[in-house]
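protein_14.cif (mmCIF, C-alpha atoms)
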```cif
data_run
#
loop_
_atom_site.label_atom_id
_atom_site.label_comp_id
_atom_site.auth_asym_id
_atom_site.auth_seq_id
_atom_site.Cartn_x
_atom_site.Cartn_y
_atom_site.Cartn_z
CA MET A 41 -107.86 49.19 122.27
CA PHE A 42 -106.65 47.26 119.25
CA ILE A 43 -103.35 46.56 121.02
CA VAL A 44 -105.15 45.41 124.16
CA ILE A 45 -107.39 43.02 122.20
CA PHE A 46 -104.44 41.37 120.50
CA LEU A 47 -102.46 41.32 123.72
CA ILE A 48 -105.27 39.54 125.57
CA LEU A 49 -105.63 37.11 122.68
CA GLY A 50 -101.86 36.57 122.64
CA ILE A 51 -101.74 35.91 126.39
CA PHE A 52 -104.61 33.45 126.10
CA ILE A 53 -102.84 31.58 123.31
CA LEU A 54 -99.53 31.65 125.17
CA VAL A 55 -101.13 30.15 128.27
CA LEU A 56 -102.73 27.44 126.14
CA GLN A 57 -99.43 26.69 124.43
CA THR A 58 -97.47 26.39 127.64
CA THR A 59 -100.06 24.26 129.43
CA PHE A 60 -102.85 22.49 127.57
CA LEU A 61 -101.07 21.97 124.26
CA GLN A 62 -98.07 20.48 126.07
CA PHE A 63 -100.17 17.42 126.83
CA PHE A 64 -100.45 16.62 123.13
CA PRO A 65 -98.50 13.51 122.16
CA VAL A 66 -95.15 14.06 120.47
CA TRP A 67 -96.26 12.50 117.17
CA LEU A 68 -99.17 14.97 116.98
CA GLY A 69 -96.93 17.98 117.57
CA LYS A 70 -97.68 21.18 119.44
CA PRO A 71 -99.07 23.90 117.18
CA ASP A 72 -97.43 27.31 117.46
CA VAL A 73 -100.68 29.30 117.37
CA LEU A 74 -99.00 32.42 118.72
CA PHE A 75 -96.80 32.50 115.66
CA LEU A 76 -99.92 32.42 113.48
CA LEU A 77 -101.21 35.39 115.44
CA ILE A 78 -97.98 37.27 114.69
CA VAL A 79 -98.37 36.48 110.98
CA TYR A 80 -102.03 37.51 111.08
CA ILE A 81 -101.17 40.84 112.72
CA ALA A 82 -98.41 41.45 110.18
CA CYS A 83 -100.78 40.69 107.29
CA GLN A 84 -103.86 42.52 108.48
CA GLU A 85 -102.91 45.45 110.65
CA ASN A 86 -101.04 48.72 110.14
CA ILE A 87 -97.32 49.03 110.74
CA LEU A 88 -97.23 51.08 113.93
CA GLN A 89 -99.88 49.27 115.96
CA GLY A 90 -98.91 45.90 114.51
CA ALA A 91 -95.24 46.37 115.38
CA MET A 92 -96.19 47.44 118.90
CA VAL A 93 -98.30 44.31 119.48
CA VAL A 94 -95.65 42.04 117.95
CA LEU A 95 -92.99 43.60 120.18
CA LEU A 96 -95.13 43.11 123.31
CA LEU A 97 -95.95 39.54 122.39
CA GLY A 98 -92.27 38.87 121.76
CA LEU A 99 -91.42 40.25 125.21
CA LEU A 100 -94.09 38.01 126.73
CA MET A 101 -92.75 35.01 124.86
CA ASP A 102 -89.31 35.77 126.29
CA VAL A 103 -90.75 35.26 129.77
CA PHE A 104 -92.01 31.75 129.09
CA SER A 105 -89.57 30.46 126.53
CA GLY A 106 -85.89 30.47 125.77
CA VAL A 107 -82.78 31.49 127.61
CA PHE A 108 -81.72 34.75 126.00
CA LEU A 109 -83.95 37.73 126.74
CA GLY A 110 -84.75 39.85 123.72
CA LEU A 111 -84.53 37.01 121.24
CA TYR A 112 -88.25 36.69 120.57
CA PRO A 113 -88.99 40.42 120.15
CA VAL A 114 -86.18 40.67 117.62
CA ILE A 115 -87.18 37.53 115.72
CA TYR A 116 -90.88 38.44 115.73
CA LEU A 117 -90.17 41.98 114.56
CA LEU A 118 -88.00 40.60 111.76
CA VAL A 119 -90.89 38.33 110.73
CA PHE A 120 -93.23 41.33 110.91
CA VAL A 121 -90.93 43.41 108.67
CA PHE A 122 -90.49 40.50 106.26
CA ILE A 123 -94.24 40.00 105.90
CA LYS A 124 -94.88 43.72 105.52
CA GLY A 125 -92.18 43.77 102.83
CA VAL A 126 -93.85 40.88 100.99
CA ALA A 127 -97.25 42.56 101.43
CA ARG A 128 -96.00 45.60 99.50
CA GLN A 129 -95.21 43.40 96.52
CA VAL A 130 -98.05 40.86 96.70
CA ALA A 131 -101.66 41.15 97.81
CA ILE A 132 -101.75 38.77 100.78
CA ASN A 133 -105.07 39.61 102.33
CA GLU A 134 -106.45 36.19 101.44
CA PHE A 135 -105.84 33.36 103.91
CA ALA A 136 -104.70 31.16 101.05
CA TYR A 137 -101.65 33.39 100.63
CA GLN A 138 -101.09 33.92 104.32
CA VAL A 139 -100.67 30.22 105.09
CA PRO A 140 -97.63 29.64 102.84
CA LEU A 141 -96.26 32.93 104.11
CA ALA A 142 -96.63 31.67 107.70
CA VAL A 143 -94.87 28.42 106.79
CA ILE A 144 -91.96 30.21 105.13
CA SER A 145 -91.73 32.70 107.99
CA TYR A 146 -91.61 29.88 110.53
CA LEU A 147 -88.68 28.37 108.69
CA PHE A 148 -86.96 31.76 108.88
CA VAL A 149 -87.68 31.91 112.60
CA GLY A 150 -86.01 28.54 113.02
CA ILE A 151 -82.97 29.67 111.09
CA GLY A 152 -82.92 32.91 113.09
CA MET A 153 -82.98 30.99 116.37
CA PHE A 154 -80.20 28.76 115.17
CA VAL A 155 -77.99 31.63 114.01
CA PHE A 156 -78.65 33.61 117.17
CA SER A 157 -77.77 30.60 119.35
CA PHE A 158 -74.59 30.14 117.34
CA PHE A 159 -73.47 33.69 118.04
CA MET A 160 -74.55 33.61 121.69
CA GLY A 161 -72.78 30.35 122.48
CA PRO A 162 -71.14 28.28 119.75
CA ASP A 163 -70.63 25.44 122.21
CA ALA A 164 -74.33 25.50 123.09
CA LEU A 165 -75.59 25.16 119.55
CA PRO A 166 -78.82 23.14 119.45
CA GLN A 167 -79.20 20.31 116.97
CA TRP A 168 -81.50 21.26 114.13
CA PRO A 169 -84.66 19.22 114.87
CA TRP A 170 -85.70 18.42 111.30
CA GLU A 171 -88.54 16.12 112.25
CA LYS A 172 -90.06 18.60 114.68
CA VAL A 173 -89.62 21.52 112.30
CA LEU A 174 -91.25 19.67 109.41
CA LEU A 175 -94.10 18.52 111.66
CA GLN A 176 -94.61 22.09 112.86
CA LEU A 177 -94.64 23.38 109.26
CA LEU A 178 -97.24 20.77 108.38
CA ILE A 179 -99.34 21.68 111.41
CA LEU A 180 -99.17 25.39 110.54
CA ALA A 181 -100.22 24.60 106.97
CA VAL A 182 -103.17 22.50 108.17
CA ILE A 183 -104.47 24.73 110.95
CA GLY A 184 -103.53 28.02 109.26
CA ILE A 185 -106.80 28.77 107.48
CA PRO A 186 -109.17 27.90 110.37
CA VAL A 187 -107.03 29.77 112.88
CA PHE A 188 -106.84 32.84 110.64
CA ALA A 189 -110.61 32.61 110.18
CA ILE A 190 -111.06 32.63 113.98
CA PHE A 191 -108.77 35.65 114.32
CA ASP A 192 -110.72 37.36 111.54
CA ALA A 193 -114.02 36.62 113.27
CA ILE A 194 -112.69 38.07 116.53
CA MET A 195 -111.48 41.21 114.79
CA SER A 196 -114.74 41.57 112.85
CA PHE A 197 -116.64 41.31 116.12
CA TYR A 198 -114.35 43.92 117.68
CA ARG A 199 -114.75 46.29 114.70
CA LYS A 200 -118.51 45.83 114.78
CA ILE A 201 -118.57 46.85 118.42
CA THR A 202 -116.32 49.86 117.91
CA ALA A 203 -118.24 50.95 114.79
CA SER A 204 -121.62 50.86 116.53
CA GLY A 205 -120.15 52.30 119.69
CA ARG A 206 -121.95 49.80 121.86
CA LEU A 207 -121.97 46.11 122.63
CA PRO A 208 -124.36 44.02 120.53
CA GLY A 209 -127.57 43.20 122.35
CA THR A 210 -127.49 46.34 124.50
CA ARG A 211 -129.77 49.34 123.95
CA SER A 212 -128.43 52.72 123.02
CA SER A 213 -128.63 55.39 125.69
CA ASN A 214 -130.24 57.75 123.17
CA ILE A 215 -133.80 56.47 122.81
CA PHE A 216 -134.64 58.99 120.02
CA LYS A 217 -132.00 57.57 117.69
CA MET B 11 -192.91 -33.74 115.41
CA ARG B 12 -190.45 -34.76 112.70
CA PHE B 13 -187.68 -32.78 114.48
CA PHE B 14 -188.24 -34.52 117.77
CA LEU B 15 -188.16 -37.89 115.98
CA LEU B 16 -184.84 -37.03 114.32
CA PHE B 17 -183.37 -35.70 117.56
CA GLY B 18 -184.48 -38.88 119.41
CA CYS B 19 -182.82 -41.11 116.82
CA LEU B 20 -179.56 -39.15 117.00
CA LEU B 21 -179.55 -39.21 120.79
CA THR B 22 -180.22 -42.93 120.81
CA SER B 23 -177.36 -43.66 118.37
CA VAL B 24 -174.95 -41.51 120.43
CA PHE B 25 -176.08 -43.30 123.54
CA ILE B 26 -175.48 -46.68 121.86
CA LEU B 27 -172.02 -45.49 120.72
CA ILE B 28 -171.06 -44.41 124.22
CA ILE B 29 -172.29 -47.65 125.73
CA SER B 30 -170.39 -49.68 123.15
CA MET B 31 -167.11 -47.79 123.85
CA ALA B 32 -167.34 -47.66 127.61
CA GLY B 33 -164.59 -49.50 129.41
CA ARG B 34 -162.20 -49.55 126.44
CA LYS B 35 -158.76 -47.93 126.62
CA GLU B 36 -157.81 -47.85 123.03
CA PHE B 37 -159.01 -45.26 120.60
CA THR B 38 -161.69 -46.23 118.19
CA VAL B 39 -161.77 -45.01 114.60
CA PRO B 40 -163.78 -41.88 115.37
CA HIS B 41 -161.39 -41.03 118.16
CA LYS B 42 -158.43 -41.46 115.90
CA PHE B 43 -160.10 -39.49 113.15
CA GLY B 44 -160.86 -36.68 115.58
CA LEU B 45 -157.36 -36.65 116.85
CA GLU B 46 -155.87 -36.66 113.37
CA VAL B 47 -158.03 -33.74 112.36
CA ILE B 48 -157.65 -31.65 115.47
CA GLY B 49 -154.01 -32.66 116.18
CA PRO B 50 -152.37 -30.51 113.49
CA LEU B 51 -154.59 -27.60 114.37
CA GLN B 52 -153.72 -28.06 117.99
CA THR B 53 -150.04 -28.27 117.12
CA ALA B 54 -150.19 -25.09 115.13
CA VAL B 55 -152.10 -23.19 117.80
CA ALA B 56 -149.79 -24.56 120.50
CA LYS B 57 -146.75 -23.46 118.55
CA VAL B 58 -148.15 -19.99 118.03
CA SER B 59 -149.16 -19.80 121.68
CA ASN B 60 -145.79 -21.00 122.86
CA TYR B 61 -144.07 -18.55 120.53
CA GLY B 62 -146.25 -15.70 121.76
CA SER B 63 -145.75 -16.76 125.33
CA SER B 64 -142.00 -17.02 124.96
CA ILE B 65 -141.88 -13.61 123.25
CA TRP B 66 -143.86 -12.08 126.07
CA GLU B 67 -141.73 -13.79 128.72
CA ASN B 68 -138.57 -12.74 126.92
CA TYR B 69 -139.86 -9.22 126.59
CA ILE B 70 -140.67 -9.05 130.28
CA ALA B 71 -137.34 -10.66 131.10
CA LEU B 72 -135.58 -8.24 128.75
CA LEU B 73 -137.16 -5.31 130.50
CA HIS B 74 -135.78 -6.58 133.78
CA VAL B 75 -132.42 -7.37 132.20
CA ARG B 76 -132.24 -3.92 130.65
CA GLU B 77 -132.91 -2.28 133.98
CA GLU B 78 -130.46 -4.61 135.66
CA ASN B 79 -127.90 -4.00 132.93
CA GLU B 80 -128.26 -0.26 133.29
CA GLN B 81 -127.87 -0.55 137.03
CA LEU B 82 -124.83 -2.80 136.66
CA ARG B 83 -123.28 -0.44 134.15
CA GLN B 84 -123.72 2.46 136.55
CA GLU B 85 -122.20 0.43 139.34
CA LEU B 86 -119.31 -0.56 137.08
CA GLN B 87 -118.69 3.08 136.18
CA GLN B 88 -118.72 4.02 139.84
CA TYR B 89 -116.27 1.23 140.67
CA LYS B 90 -114.07 2.17 137.73
CA ALA B 91 -113.99 5.81 138.82
CA ALA B 92 -113.26 4.77 142.39
CA ASN B 93 -110.55 2.43 141.16
CA ILE B 94 -108.92 5.20 139.12
CA GLU B 95 -109.07 7.50 142.13
CA TYR B 96 -107.48 4.85 144.34
CA ARG B 97 -104.78 4.14 141.79
CA GLU B 98 -104.07 7.86 141.36
CA ALA B 99 -103.99 8.33 145.12
CA LEU B 100 -101.67 5.36 145.46
CA ALA B 101 -99.40 6.63 142.69
CA THR B 102 -99.36 10.12 144.22
CA ASN B 103 -98.66 8.65 147.61
CA THR B 104 -95.77 6.56 146.28
CA ARG B 105 -94.38 9.51 144.34
CA LEU B 106 -94.64 11.88 147.28
CA GLN B 107 -93.13 9.27 149.58
CA LYS B 108 -90.14 8.90 147.25
CA LEU B 109 -89.93 12.68 146.98
CA LEU B 110 -89.96 12.94 150.76
CA GLU B 111 -87.24 10.32 151.08
CA LEU B 112 -85.17 12.21 148.52
CA LYS B 113 -85.86 15.50 150.24
CA GLU B 114 -84.63 14.05 153.52
CA SER B 115 -81.48 12.71 151.85
CA LEU B 116 -80.62 16.06 150.24
CA PRO B 117 -78.70 18.78 152.02
CA PRO B 118 -81.26 21.08 153.69
CA PRO B 119 -83.07 23.31 153.05
CA THR B 120 -85.12 22.07 150.12
CA LEU B 121 -88.37 23.24 148.62
CA THR B 122 -90.96 21.34 146.59
CA ALA B 123 -92.42 22.95 143.51
CA GLU B 124 -94.95 22.14 140.82
CA ILE B 125 -94.62 22.70 137.11
CA ILE B 126 -97.14 25.21 135.79
CA GLY B 127 -95.90 25.60 132.23
CA LYS B 128 -93.51 24.21 129.65
CA ASP B 129 -91.48 25.93 126.97
CA PRO B 130 -93.55 25.86 123.76
CA SER B 131 -90.60 26.38 121.39
CA LEU B 132 -88.64 23.70 119.54
CA TRP B 133 -85.31 25.34 120.35
CA PHE B 134 -85.23 25.71 124.11
CA ARG B 135 -86.08 23.51 127.04
CA THR B 136 -87.32 25.41 130.06
CA LEU B 137 -90.10 25.06 132.63
CA THR B 138 -92.09 27.48 134.73
CA ILE B 139 -92.61 26.49 138.38
CA ASN B 140 -94.84 27.85 141.13
CA ARG B 141 -92.03 28.96 143.47
CA GLY B 142 -90.28 32.30 143.32
CA SER B 143 -87.98 34.69 145.08
CA SER B 144 -90.52 35.17 147.88
CA ASP B 145 -89.97 31.49 148.71
CA GLY B 146 -86.20 32.05 148.65
CA VAL B 147 -85.62 30.70 145.16
CA GLN B 148 -82.60 32.21 143.44
CA LYS B 149 -80.87 31.94 140.13
CA GLY B 150 -78.65 28.87 139.82
CA MET B 151 -80.38 26.73 142.43
CA PRO B 152 -80.43 23.06 141.42
CA VAL B 153 -83.74 21.44 140.63
CA VAL B 154 -84.04 17.68 141.04
CA THR B 155 -86.58 14.92 141.21
CA VAL B 156 -86.64 11.37 142.55
CA GLU B 157 -85.01 10.02 139.39
CA GLY B 158 -82.23 12.59 139.25
CA VAL B 159 -81.16 16.01 138.03
CA VAL B 160 -83.77 18.13 136.25
CA GLY B 161 -81.94 21.44 135.79
CA GLN B 162 -81.34 24.72 137.53
CA VAL B 163 -83.23 27.92 138.20
CA LEU B 164 -82.64 30.38 135.39
CA THR B 165 -84.54 33.36 136.70
CA SER B 166 -87.30 34.05 139.19
CA SER B 167 -90.08 36.51 139.96
CA PRO B 168 -91.66 36.83 143.43
CA ASN B 169 -93.94 33.81 142.95
CA TYR B 170 -92.67 31.94 139.91
CA SER B 171 -89.39 30.77 138.46
CA LYS B 172 -88.07 29.64 135.13
CA VAL B 173 -86.01 26.45 135.19
CA LEU B 174 -83.40 25.62 132.56
CA LEU B 175 -83.62 21.89 131.92
CA ALA B 176 -80.42 19.89 131.93
CA THR B 177 -81.18 18.78 128.37
CA ASP B 178 -81.12 22.35 127.01
CA PRO B 179 -78.01 23.05 124.91
CA ASN B 180 -77.19 25.95 127.25
CA SER B 181 -76.95 23.65 130.27
CA ALA B 182 -73.68 22.12 131.44
CA ILE B 183 -73.24 19.91 134.53
CA ASP B 184 -69.98 18.69 136.02
CA VAL B 185 -70.27 14.91 136.29
CA ILE B 186 -68.34 11.69 136.97
CA THR B 187 -68.90 8.09 136.00
CA GLN B 188 -69.88 6.01 139.01
CA LYS B 189 -67.69 3.00 138.25
CA THR B 190 -64.42 4.50 136.99
CA ARG B 191 -64.75 8.03 138.43
CA VAL B 192 -63.94 9.63 135.07
CA GLN B 193 -64.85 13.30 135.05
CA GLY B 194 -66.64 15.20 132.29
CA ILE B 195 -69.24 17.83 131.45
CA ALA B 196 -72.78 16.70 130.62
CA LYS B 197 -74.21 19.08 128.04
CA GLY B 198 -77.80 19.06 126.83
CA LEU B 199 -78.44 18.24 123.19
CA GLY B 200 -81.78 20.00 122.90
CA ARG B 201 -83.57 16.65 122.93
CA ASP B 202 -83.84 13.97 125.63
CA ALA B 203 -80.13 13.25 125.71
CA PHE B 204 -76.81 14.60 126.94
CA THR B 205 -73.37 14.50 125.48
CA LEU B 206 -70.51 13.86 127.86
CA ASN B 207 -67.80 16.33 126.89
CA TYR B 208 -64.11 16.60 127.71
CA VAL B 209 -63.59 12.94 128.55
CA LEU B 210 -60.08 12.00 127.45
CA LYS B 211 -59.59 8.94 125.28
CA SER B 212 -57.59 7.40 128.08
CA GLY B 213 -60.64 7.54 130.38
CA VAL B 214 -62.48 4.24 130.73
CA VAL B 215 -66.18 4.77 130.01
CA GLU B 216 -68.46 1.94 128.95
CA GLU B 217 -72.03 1.69 127.79
CA GLY B 218 -74.40 1.36 130.73
CA ASP B 219 -72.14 3.27 133.14
CA LEU B 220 -74.03 5.50 135.54
CA ILE B 221 -73.31 9.23 135.42
CA LEU B 222 -73.54 11.22 138.65
CA THR B 223 -72.99 14.83 139.57
CA SER B 224 -69.44 15.41 140.74
CA GLY B 225 -70.22 18.34 143.02
CA LEU B 226 -67.31 20.24 141.47
CA GLY B 227 -69.33 22.77 139.52
CA GLY B 228 -70.59 24.30 142.73
CA VAL B 229 -74.17 24.12 141.58
CA PHE B 230 -75.27 20.52 142.14
CA PRO B 231 -74.48 18.50 145.25
CA LYS B 232 -72.34 15.44 144.72
CA GLY B 233 -73.85 12.05 143.82
CA LEU B 234 -77.12 12.98 142.12
CA MET B 235 -78.12 10.72 139.27
CA VAL B 236 -77.76 12.32 135.84
CA GLY B 237 -78.09 9.43 133.41
CA THR B 238 -76.69 6.28 131.84
CA VAL B 239 -74.05 6.03 129.11
CA LEU B 240 -75.80 5.08 125.90
CA GLN B 241 -73.03 5.16 123.34
CA VAL B 242 -69.23 5.60 123.36
CA LYS B 243 -67.29 6.50 120.23
CA LYS B 244 -63.57 7.09 119.90
CA SER B 245 -62.79 8.90 116.68
CA ARG B 246 -59.27 8.97 115.27
CA ARG B 247 -58.98 12.72 115.56
CA GLY B 248 -59.16 14.78 118.73
CA MET B 249 -58.34 14.16 122.34
CA PHE B 250 -61.81 13.38 123.62
CA GLN B 251 -64.37 10.61 123.33
CA ASP B 252 -67.87 11.12 121.90
CA ILE B 253 -70.20 9.90 124.61
CA GLU B 254 -73.99 10.06 124.55
CA VAL B 255 -75.88 9.83 127.82
CA GLU B 256 -79.53 8.91 128.33
CA PRO B 257 -81.09 11.10 131.06
CA ALA B 258 -82.21 9.41 134.27
CA VAL B 259 -85.22 11.69 134.38
CA ASP B 260 -88.13 11.30 131.99
CA PHE B 261 -88.63 14.95 131.12
CA THR B 262 -92.04 14.30 129.61
CA GLN B 263 -93.42 12.94 132.90
CA LEU B 264 -92.28 15.63 135.30
CA GLU B 265 -94.77 16.72 137.96
CA GLN B 266 -93.29 17.61 141.33
CA LEU B 267 -89.79 18.96 141.67
CA ILE B 268 -87.41 19.70 144.51
CA ILE B 269 -85.36 22.87 144.60
CA ILE B 270 -82.17 22.57 146.61
CA MET B 271 -81.91 25.89 148.38
CA LYS B 272 -78.61 27.60 149.06
CA LYS B 273 -77.83 30.57 151.18
CA TYR B 274 -75.94 32.20 148.34
CA SER B 275 -76.26 31.24 144.74
CA LEU B 276 -72.97 30.28 143.13
CA THR B 277 -73.96 31.25 139.64
CA GLU B 278 -74.63 34.95 140.18
CA ASP B 279 -73.37 37.16 137.38
#
```
Kindly transcribe the structure held in the file into structure tokens.
Amino acid sequence: MFIVIFLILGIFILVLQTTFLQFFPVWLGKPDVLFLLIVYIACQENILQGAMVVLLLGLLMDVFSGVFLGLYPVIYLLVFVFIKGVARQVAINEFAYQVPLAVISYLFVGIGMFVFSFFMGPDALPQWPWEKVLLQLLILAVIGIPVFAIFDAIMSFYRKITASGRLPGTRSSNIFK
Amino acid sequence: MRFFLLFGCLLTSVFILIISMAGRKEFTVPHKFGLEVIGPLQTAVAKVSNYGSSIWENYIALLHVREENEQLRQELQQYKAANIEYREALATNTRLQKLLELKESLPPPTLTAEIIGKDPSLWFRTLTINRGSSDGVQKGMPVVTVEGVVGQVLTSSPNYSKVLLATDPNSAIDVITQKTRVQGIAKGLGRDAFTLNYVLKSGVVEEGDLILTSGLGGVFPKGLMVGTVLQVKKSRRGMFQDIEVEPAVDFTQLEQLIIIMKKYSLTED
């Protein structure tokens, strides 16, 4: 169920990113909210389920972005492992720590994309878009805390439902409880 | 008795006064005195009355104006909305007309498609369109628009396809310059620009030259607009020129596309 929740959330964000957010003007940038979801999953959830969701979201991202299939699952899993590695050394449950981690991870993703493209086709190496990368890092830093808070609220709601075993506002079937 | 006497005297004196003034046009002293006393009072009351009257009239008028203003605003909004609709319809009509003209000029069969999604990453430039293998779309089919070359189909599912834009670093198009017929390869730079590769230093290419598809790559038909030469540099080293090309297509404004269908794709693995 946990995987399904994150998958639905991921699909929703992906659809937003490929459609609605594309209408944002260039100077405003297009926030990579899906990447924040990956970071959130890596920070908050356990290894097995988290890795499964990250892998699925990476596969989905492959469908809508990029040229080389398999690039996103690999990059996202590397980010997941990196964050889990950092989490073993530092307590990163607070959003304040997760935001810089997201920013650093995004920079790694960029480098990963660049290196991967270099190996896949040296003559097709993209130019490093400094302006766009810096803008994206700034956007992630600004929207990080509110977006993480929204994810947290969604997960709290989900846990509340699963803990009570029923949807809020509905009556239990056992009237003697 | 005394009251009646007093009243009679007063009446008589008033009567005498009236008789003495009858037939005169000019004010006498009492008249003037009366006027001077009552005049200011009259002025003040008149001013207040006029002020009150004007306020009331203005208020009433304002009520009407407010209603009229509201009505006019609503009408203006309606006209504005209608105007926008007309403009949009006109723009769509013009665009579709151009698209139709282009479609008729291209080798048949062709298929129109709409963009349903854009690549969200900073590193790749792809699109998702609403046509797929069930419509006959195959990998490698060229995608164009009225302005020129957009890219080629990268992969497709039954109802949707992914298009690799010509500005992606992984895209390469065989092109020629329109004026001097110099051949080269237009490669995407990952932003809204191409670089024209493999043009020998002996080749004559100038800024402003139009770049067209050569038809040699086997993917794009000959003569489609690719872009305009923006910058030409000849470094001391190497055999080739450094040429930057500005795309003919505004990739931020893409809406409808045309897929040039082929019986067999030439870029199959």
Any idea which chain B residues end up within 12 Å of chain A if we count all atoms listed in the file, as number ranges by chain please? B: 125-139, 163-167, 170-175, 177-182, 196-205, 207, 262-264
Next, write the just-selected residues to a file, as a PDB file, keeping the file's coordinate frame, keeping C-alpha atoms as the atom set.
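Listing of selection.pdb after writing:
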```pdb
ATOM      1  CA  ILE B 125     -94.620  22.700 137.110  1.00  0.00           C
ATOM      2  CA  ILE B 126     -97.140  25.210 135.790  1.00  0.00           C
ATOM      3  CA  GLY B 127     -95.900  25.600 132.230  1.00  0.00           C
ATOM      4  CA  LYS B 128     -93.510  24.210 129.650  1.00  0.00           C
ATOM      5  CA  ASP B 129     -91.480  25.930 126.970  1.00  0.00           C
ATOM      6  CA  PRO B 130     -93.550  25.860 123.760  1.00  0.00           C
ATOM      7  CA  SER B 131     -90.600  26.380 121.390  1.00  0.00           C
ATOM      8  CA  LEU B 132     -88.640  23.700 119.540  1.00  0.00           C
ATOM      9  CA  TRP B 133     -85.310  25.340 120.350  1.00  0.00           C
ATOM     10  CA  PHE B 134     -85.230  25.710 124.110  1.00  0.00           C
ATOM     11  CA  ARG B 135     -86.080  23.510 127.040  1.00  0.00           C
ATOM     12  CA  THR B 136     -87.320  25.410 130.060  1.00  0.00           C
ATOM     13  CA  LEU B 137     -90.100  25.060 132.630  1.00  0.00           C
ATOM     14  CA  THR B 138     -92.090  27.480 134.730  1.00  0.00           C
ATOM     15  CA  ILE B 139     -92.610  26.490 138.380  1.00  0.00           C
ATOM     16  CA  VAL B 163     -83.230  27.920 138.200  1.00  0.00           C
ATOM     17  CA  LEU B 164     -82.640  30.380 135.390  1.00  0.00           C
ATOM     18  CA  THR B 165     -84.540  33.360 136.700  1.00  0.00           C
ATOM     19  CA  SER B 166     -87.300  34.050 139.190  1.00  0.00           C
ATOM     20  CA  SER B 167     -90.080  36.510 139.960  1.00  0.00           C
ATOM     21  CA  TYR B 170     -92.670  31.940 139.910  1.00  0.00           C
ATOM     22  CA  SER B 171     -89.390  30.770 138.460  1.00  0.00           C
ATOM     23  CA  LYS B 172     -88.070  29.640 135.130  1.00  0.00           C
ATOM     24  CA  VAL B 173     -86.010  26.450 135.190  1.00  0.00           C
ATOM     25  CA  LEU B 174     -83.400  25.620 132.560  1.00  0.00           C
ATOM     26  CA  LEU B 175     -83.620  21.890 131.920  1.00  0.00           C
ATOM     27  CA  THR B 177     -81.180  18.780 128.370  1.00  0.00           C
ATOM     28  CA  ASP B 178     -81.120  22.350 127.010  1.00  0.00           C
ATOM     29  CA  PRO B 179     -78.010  23.050 124.910  1.00  0.00           C
ATOM     30  CA  ASN B 180     -77.190  25.950 127.250  1.00  0.00           C
ATOM     31  CA  SER B 181     -76.950  23.650 130.270  1.00  0.00           C
ATOM     32  CA  ALA B 182     -73.680  22.120 131.440  1.00  0.00           C
ATOM     33  CA  ALA B 196     -72.780  16.700 130.620  1.00  0.00           C
ATOM     34  CA  LYS B 197     -74.210  19.080 128.040  1.00  0.00           C
ATOM     35  CA  GLY B 198     -77.800  19.060 126.830  1.00  0.00           C
ATOM     36  CA  LEU B 199     -78.440  18.240 123.190  1.00  0.00           C
ATOM     37  CA  GLY B 200     -81.780  20.000 122.900  1.00  0.00           C
ATOM     38  CA  ARG B 201     -83.570  16.650 122.930  1.00  0.00           C
ATOM     39  CA  ASP B 202     -83.840  13.970 125.630  1.00  0.00           C
ATOM     40  CA  ALA B 203     -80.130  13.250 125.710  1.00  0.00           C
ATOM     41  CA  PHE B 204     -76.810  14.600 126.940  1.00  0.00           C
ATOM     42  CA  THR B 205     -73.370  14.500 125.480  1.00  0.00           C
ATOM     43  CA  ASN B 207     -67.800  16.330 126.890  1.00  0.00           C
ATOM     44  CA  THR B 262     -92.040  14.300 129.610  1.00  0.00           C
ATOM     45  CA  GLN B 263     -93.420  12.940 132.900  1.00  0.00           C
ATOM     46  CA  LEU B 264     -92.280  15.630 135.300  1.00  0.00           C
TER      47      LEU B 264
END
```
Pick from A:Ile45, A:Val149, A:Val143, A:Ile183, whichever lies nearest to Gln89 (chain A) using only C-alpha atoms: A:Ile45
Give me, as a ChimeraX atom specification, all polymer residues having an atom no more than 8 Å from Ile186 (chain B), counting all atoms listed in the file and skipping those fewer than 4 positions away in the same chain. /B:191-194,221-224
Write out as a VMD selection string each polymer residue whose atoms come within 9 Å of Lys211 (chain B), counting all atoms listed in the file; drop sequence neighbours fewer than 5 positions from it. chain B and resid 244 248 to 251
Take the residues just selected and output them with C-alpha atoms as a CSV table (one decimal), in the frame of the given file.
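Final output, saved to selection01.csv:
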```csv
chain,number,residue,atom,x,y,z
B,244,LYS,CA,-63.6,7.1,119.9
B,248,GLY,CA,-59.2,14.8,118.7
B,249,MET,CA,-58.3,14.2,122.3
B,250,PHE,CA,-61.8,13.4,123.6
B,251,GLN,CA,-64.4,10.6,123.3
```
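Note on the selection: in this file the PyMOL selection byres ((chain A and resi 152) around 10) comes out as Leu111, Tyr112, Val114, Ile115, Leu118, Val119, Tyr146, Leu147, Phe148, Val149, Gly150, Ile151, Met153, Phe154, Val155, Phe156, Ser157 and Phe158 of chain A.
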Between CA of Asp252 (chain B) and CA of Trp67 (chain A), what is the spacing in Å? 28.8 Å
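Across the model, the gap from CA of Met92 (chain A) to CA of Leu117 (chain A) is 9.2 Å.
Straight-line separation from CA of Pro168 (chain B) to CA of Pro113 (chain A): 23.7 Å.
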As a check of understanding, name the residues that the PyMOL selection byres ((chain B and resi 160) around 6) selects in the supplied structure, as a PDB file with C-alpha atoms, in the frame of the given file.
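Output (result.pdb):
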```pdb
ATOM      1  CA  VAL B 153     -83.740  21.440 140.630  1.00  0.00           C
ATOM      2  CA  VAL B 154     -84.040  17.680 141.040  1.00  0.00           C
ATOM      3  CA  VAL B 159     -81.160  16.010 138.030  1.00  0.00           C
ATOM      4  CA  GLY B 161     -81.940  21.440 135.790  1.00  0.00           C
ATOM      5  CA  LEU B 175     -83.620  21.890 131.920  1.00  0.00           C
ATOM      6  CA  ALA B 176     -80.420  19.890 131.930  1.00  0.00           C
TER       7      ALA B 176
END
```
